[in-house]
Amino acid sequence: MNYKLECPLSPELEKYRDSIEATIKPYIEIKTQKNDDVNWWQSKFGGFPYLPKGFEYPKTCDGKYLFLLAQLNFDEIPPLDGFPDRGILQFYIADDDLYGLNLDNSANADNHTIEDQFKIIYFPQPNFKVENIITNYDFLPPPESFPVNGCCGLQFTKKYAPISTSDYQFTQILGSEIEELFMNSEIEDEYREISHSFGHKIGGYPYFTQDDARKYSNTSEQKQKLDILLFQMDSDANETVDIMWGDSGVGNFFIDESALRELDFSKVLYNWDCC
């Protein structure tokens, strides 16, 4: 499908309009909302998860509890091609100084896909009866080093945006000439405004404060396997919730397109960085 930019461009960017528009993809913008009574099944950042009775709470290999970063109920989310249209997807990470990131060898993106210090769980058919789910989480200690402070509900809006300057394929797709235009900070700011790379989202293009973690994969084949932005959570301090990745950073999760269509979340690239 061909998408169009619904905004004027400066003369410098206008000559690249066709190339920019060719990269436009749909994504789901996520906004936090104040909700003092987020239920067990609802989409949320932080808080306690939906878990059926008898389901083992996620832990690291050495038995430490992981904590709920985000819960996405796709019954509440506008449809997005390739993504689930139902079910609950959960993201858990470790409560440590690195938020569960494996940096033993940061040059190898495979290390970021090892689900020990983080875990992703998908329930395709949640049970919506309270008597059938875990509701007592007194066994969990309060997290000490975690990017999310508090719990909040979420709002979802389907939007469209072109490739972000953070994406490792930006220069490859649009060319070095357009990147050279960004020596003019006003033009760079204009492009960042239309690319909407910041913020919380499902799908679309990512934002990094440093470099795209995918470009450190060992082979180009591995890069291509992790080109879907499954979920992004940005730093976000407001009256609803306090989210802080290090020093105003951002967390991202990437997945292979075929794995996503098969609802196989066993090998996902998790990364976060900050200024």
# chains A, B, ... in the order shown; residues from 1 in each chain; ligands from 1
$ select_by_dssp --residues "region 17-163 of chain A" --states "helix (DSSP H, G or I)" --output "PyMOL selection string"
chain A and resi 17-21+74-76+109-113+130-132
$ write_last_selection --atoms "N, CA, C and O atoms" --output "PDB file, in the first residue's frame"
ATOM      1  N   ARG A  17      10.527  13.615  -1.387  1.00  0.00           N
ATOM      2  CA  ARG A  17       9.205  13.221  -0.902  1.00  0.00           C
ATOM      3  C   ARG A  17       8.836  11.796  -1.328  1.00  0.00           C
ATOM      4  O   ARG A  17       8.395  10.993  -0.505  1.00  0.00           O
ATOM      5  N   ASP A  18       9.004  11.466  -2.589  1.00  0.00           N
ATOM      6  CA  ASP A  18       8.618  10.135  -3.065  1.00  0.00           C
ATOM      7  C   ASP A  18       9.381   9.040  -2.343  1.00  0.00           C
ATOM      8  O   ASP A  18       8.813   8.005  -1.949  1.00  0.00           O
ATOM      9  N   SER A  19      10.683   9.247  -2.155  1.00  0.00           N
ATOM     10  CA  SER A  19      11.509   8.245  -1.469  1.00  0.00           C
ATOM     11  C   SER A  19      11.112   8.115  -0.008  1.00  0.00           C
ATOM     12  O   SER A  19      11.071   7.005   0.537  1.00  0.00           O
ATOM     13  N   ILE A  20      10.817   9.243   0.618  1.00  0.00           N
ATOM     14  CA  ILE A  20      10.401   9.223   2.023  1.00  0.00           C
ATOM     15  C   ILE A  20       9.066   8.510   2.158  1.00  0.00           C
ATOM     16  O   ILE A  20       8.883   7.640   3.021  1.00  0.00           O
ATOM     17  N   GLU A  21       8.111   8.851   1.288  1.00  0.00           N
ATOM     18  CA  GLU A  21       6.783   8.252   1.374  1.00  0.00           C
ATOM     19  C   GLU A  21       6.826   6.749   1.124  1.00  0.00           C
ATOM     20  O   GLU A  21       5.993   6.004   1.668  1.00  0.00           O
ATOM     21  N   PHE A  74      -4.395  -7.347  22.915  1.00  0.00           N
ATOM     22  CA  PHE A  74      -4.657  -6.978  21.529  1.00  0.00           C
ATOM     23  C   PHE A  74      -6.139  -6.835  21.207  1.00  0.00           C
ATOM     24  O   PHE A  74      -6.490  -6.330  20.135  1.00  0.00           O
ATOM     25  N   ASP A  75      -7.015  -7.248  22.105  1.00  0.00           N
ATOM     26  CA  ASP A  75      -8.430  -6.951  21.926  1.00  0.00           C
ATOM     27  C   ASP A  75      -8.693  -5.452  22.055  1.00  0.00           C
ATOM     28  O   ASP A  75      -9.731  -4.958  21.604  1.00  0.00           O
ATOM     29  N   GLU A  76      -7.778  -4.710  22.684  1.00  0.00           N
ATOM     30  CA  GLU A  76      -7.937  -3.275  22.906  1.00  0.00           C
ATOM     31  C   GLU A  76      -7.170  -2.439  21.887  1.00  0.00           C
ATOM     32  O   GLU A  76      -7.234  -1.208  21.923  1.00  0.00           O
ATOM     33  N   ALA A 109      24.580  -9.268  18.670  1.00  0.00           N
ATOM     34  CA  ALA A 109      23.163  -9.062  18.974  1.00  0.00           C
ATOM     35  C   ALA A 109      22.488 -10.331  19.456  1.00  0.00           C
ATOM     36  O   ALA A 109      21.451 -10.274  20.106  1.00  0.00           O
ATOM     37  N   ASP A 110      23.071 -11.504  19.167  1.00  0.00           N
ATOM     38  CA  ASP A 110      22.467 -12.746  19.633  1.00  0.00           C
ATOM     39  C   ASP A 110      22.356 -12.781  21.150  1.00  0.00           C
ATOM     40  O   ASP A 110      21.447 -13.387  21.710  1.00  0.00           O
ATOM     41  N   ASN A 111      23.303 -12.140  21.854  1.00  0.00           N
ATOM     42  CA  ASN A 111      23.267 -12.139  23.314  1.00  0.00           C
ATOM     43  C   ASN A 111      22.037 -11.407  23.843  1.00  0.00           C
ATOM     44  O   ASN A 111      21.598 -11.642  24.962  1.00  0.00           O
ATOM     45  N   HIS A 112      21.498 -10.499  23.045  1.00  0.00           N
ATOM     46  CA  HIS A 112      20.326  -9.741  23.476  1.00  0.00           C
ATOM     47  C   HIS A 112      19.041 -10.534  23.263  1.00  0.00           C
ATOM     48  O   HIS A 112      17.964 -10.063  23.582  1.00  0.00           O
ATOM     49  N   THR A 113      19.150 -11.732  22.661  1.00  0.00           N
ATOM     50  CA  THR A 113      17.964 -12.550  22.424  1.00  0.00           C
ATOM     51  C   THR A 113      17.861 -13.703  23.418  1.00  0.00           C
ATOM     52  O   THR A 113      16.953 -14.509  23.335  1.00  0.00           O
ATOM     53  N   VAL A 130     -12.073 -14.295  37.096  1.00  0.00           N
ATOM     54  CA  VAL A 130     -11.149 -13.977  38.181  1.00  0.00           C
ATOM     55  C   VAL A 130     -10.795 -15.209  38.993  1.00  0.00           C
ATOM     56  O   VAL A 130      -9.651 -15.363  39.449  1.00  0.00           O
ATOM     57  N   GLU A 131     -11.741 -16.112  39.165  1.00  0.00           N
ATOM     58  CA  GLU A 131     -11.468 -17.299  39.983  1.00  0.00           C
ATOM     59  C   GLU A 131     -10.436 -18.229  39.345  1.00  0.00           C
ATOM     60  O   GLU A 131      -9.917 -19.138  40.006  1.00  0.00           O
ATOM     61  N   ASN A 132     -10.123 -17.998  38.076  1.00  0.00           N
ATOM     62  CA  ASN A 132      -9.174 -18.875  37.376  1.00  0.00           C
ATOM     63  C   ASN A 132      -7.798 -18.253  37.191  1.00  0.00           C
ATOM     64  O   ASN A 132      -6.946 -18.827  36.508  1.00  0.00           O
TER      65      ASN A 132
END
$ closest_atom_pairs --of "region 126-187 of chain A" --to "region 244-263 of chain A" --cutoff "9 Å" --atoms "only C-alpha atoms" --output "CSV"
residue,atom,partner,partner_atom,distance
A:Phe146,CA,A:Trp245,CA,8.4
A:Pro147,CA,A:Met244,CA,4.9
A:Val148,CA,A:Met244,CA,6.7
A:Asn149,CA,A:Met244,CA,8.4
$ closest_residue --among "A:Met233, A:Cys61, A:Val38, A:Leu51" --to "Ile88 (chain A)" --atoms "only C-alpha atoms"
A:Leu51
$ select_by_dssp --residues "region 9-221 of chain A" --states "strand (DSSP E)" --output "PyMOL selection string"
chain A and resi 25-33+44-45+66-73+88-94+118-123+148-149+152-161+200-203
$ write_last_selection --atoms "C-alpha atoms" --output "tab-separated table (two decimals), in the first residue's frame"
chain	number	residue	atom	x	y	z
A	25	LYS	CA	4.61	2.13	7.63
A	26	PRO	CA	1.66	1.94	10.01
A	27	TYR	CA	2.28	1.69	13.74
A	28	ILE	CA	0.35	1.90	16.98
A	29	GLU	CA	1.04	4.94	19.11
A	30	ILE	CA	0.72	4.20	22.84
A	31	LYS	CA	-0.22	6.87	25.34
A	32	THR	CA	-0.37	6.36	29.09
A	33	GLN	CA	-3.62	7.19	30.84
A	44	LYS	CA	-0.78	-1.64	31.18
A	45	PHE	CA	2.73	-0.49	31.97
A	66	LEU	CA	11.30	-10.95	36.72
A	67	PHE	CA	8.91	-7.97	36.79
A	68	LEU	CA	6.18	-6.89	34.40
A	69	LEU	CA	7.33	-4.11	32.13
A	70	ALA	CA	4.28	-4.05	29.90
A	71	GLN	CA	1.12	-6.01	29.15
A	72	LEU	CA	-0.60	-5.58	25.78
A	73	ASN	CA	-4.14	-6.87	25.29
A	88	ILE	CA	-2.30	-10.87	25.79
A	89	LEU	CA	1.40	-10.25	25.19
A	90	GLN	CA	3.62	-9.59	28.22
A	91	PHE	CA	7.16	-8.25	28.58
A	92	TYR	CA	9.15	-9.06	31.73
A	93	ILE	CA	12.65	-7.88	32.61
A	94	ALA	CA	15.02	-8.35	35.53
A	118	PHE	CA	14.00	-10.99	30.25
A	119	LYS	CA	11.01	-12.98	29.04
A	120	ILE	CA	8.07	-12.55	26.68
A	121	ILE	CA	4.87	-14.50	27.30
A	122	TYR	CA	1.84	-14.70	25.01
A	123	PHE	CA	-1.60	-15.94	26.00
A	148	VAL	CA	8.77	1.76	35.51
A	149	ASN	CA	7.57	3.29	38.76
A	152	CYS	CA	-1.08	2.83	34.36
A	153	GLY	CA	-3.59	1.98	31.66
A	154	LEU	CA	-2.90	2.63	27.98
A	155	GLN	CA	-4.56	4.23	24.96
A	156	PHE	CA	-3.83	3.12	21.39
A	157	THR	CA	-4.02	5.02	18.09
A	158	LYS	CA	-3.05	3.77	14.65
A	159	LYS	CA	-0.72	6.16	12.85
A	160	TYR	CA	1.73	6.22	9.94
A	161	ALA	CA	5.33	7.43	9.67
A	200	HIS	CA	5.82	4.27	23.14
A	201	LYS	CA	4.74	2.23	20.14
A	202	ILE	CA	3.98	-1.10	18.52
A	203	GLY	CA	5.41	-1.57	15.02
$ residues_around --residues "region 176-185 of chain A" --least-positions-apart "5" --cutoff "12 Å" --atoms "only C-alpha atoms" --output "list in words"
Ser10, Pro11, Glu12, Leu13, Glu14, Lys15, Tyr16, Arg17, Ser19, Ile20, Ser164, Thr165, Ser166, Gln169, Phe170, Thr171, Glu190, Tyr191 and Arg192 of chain A
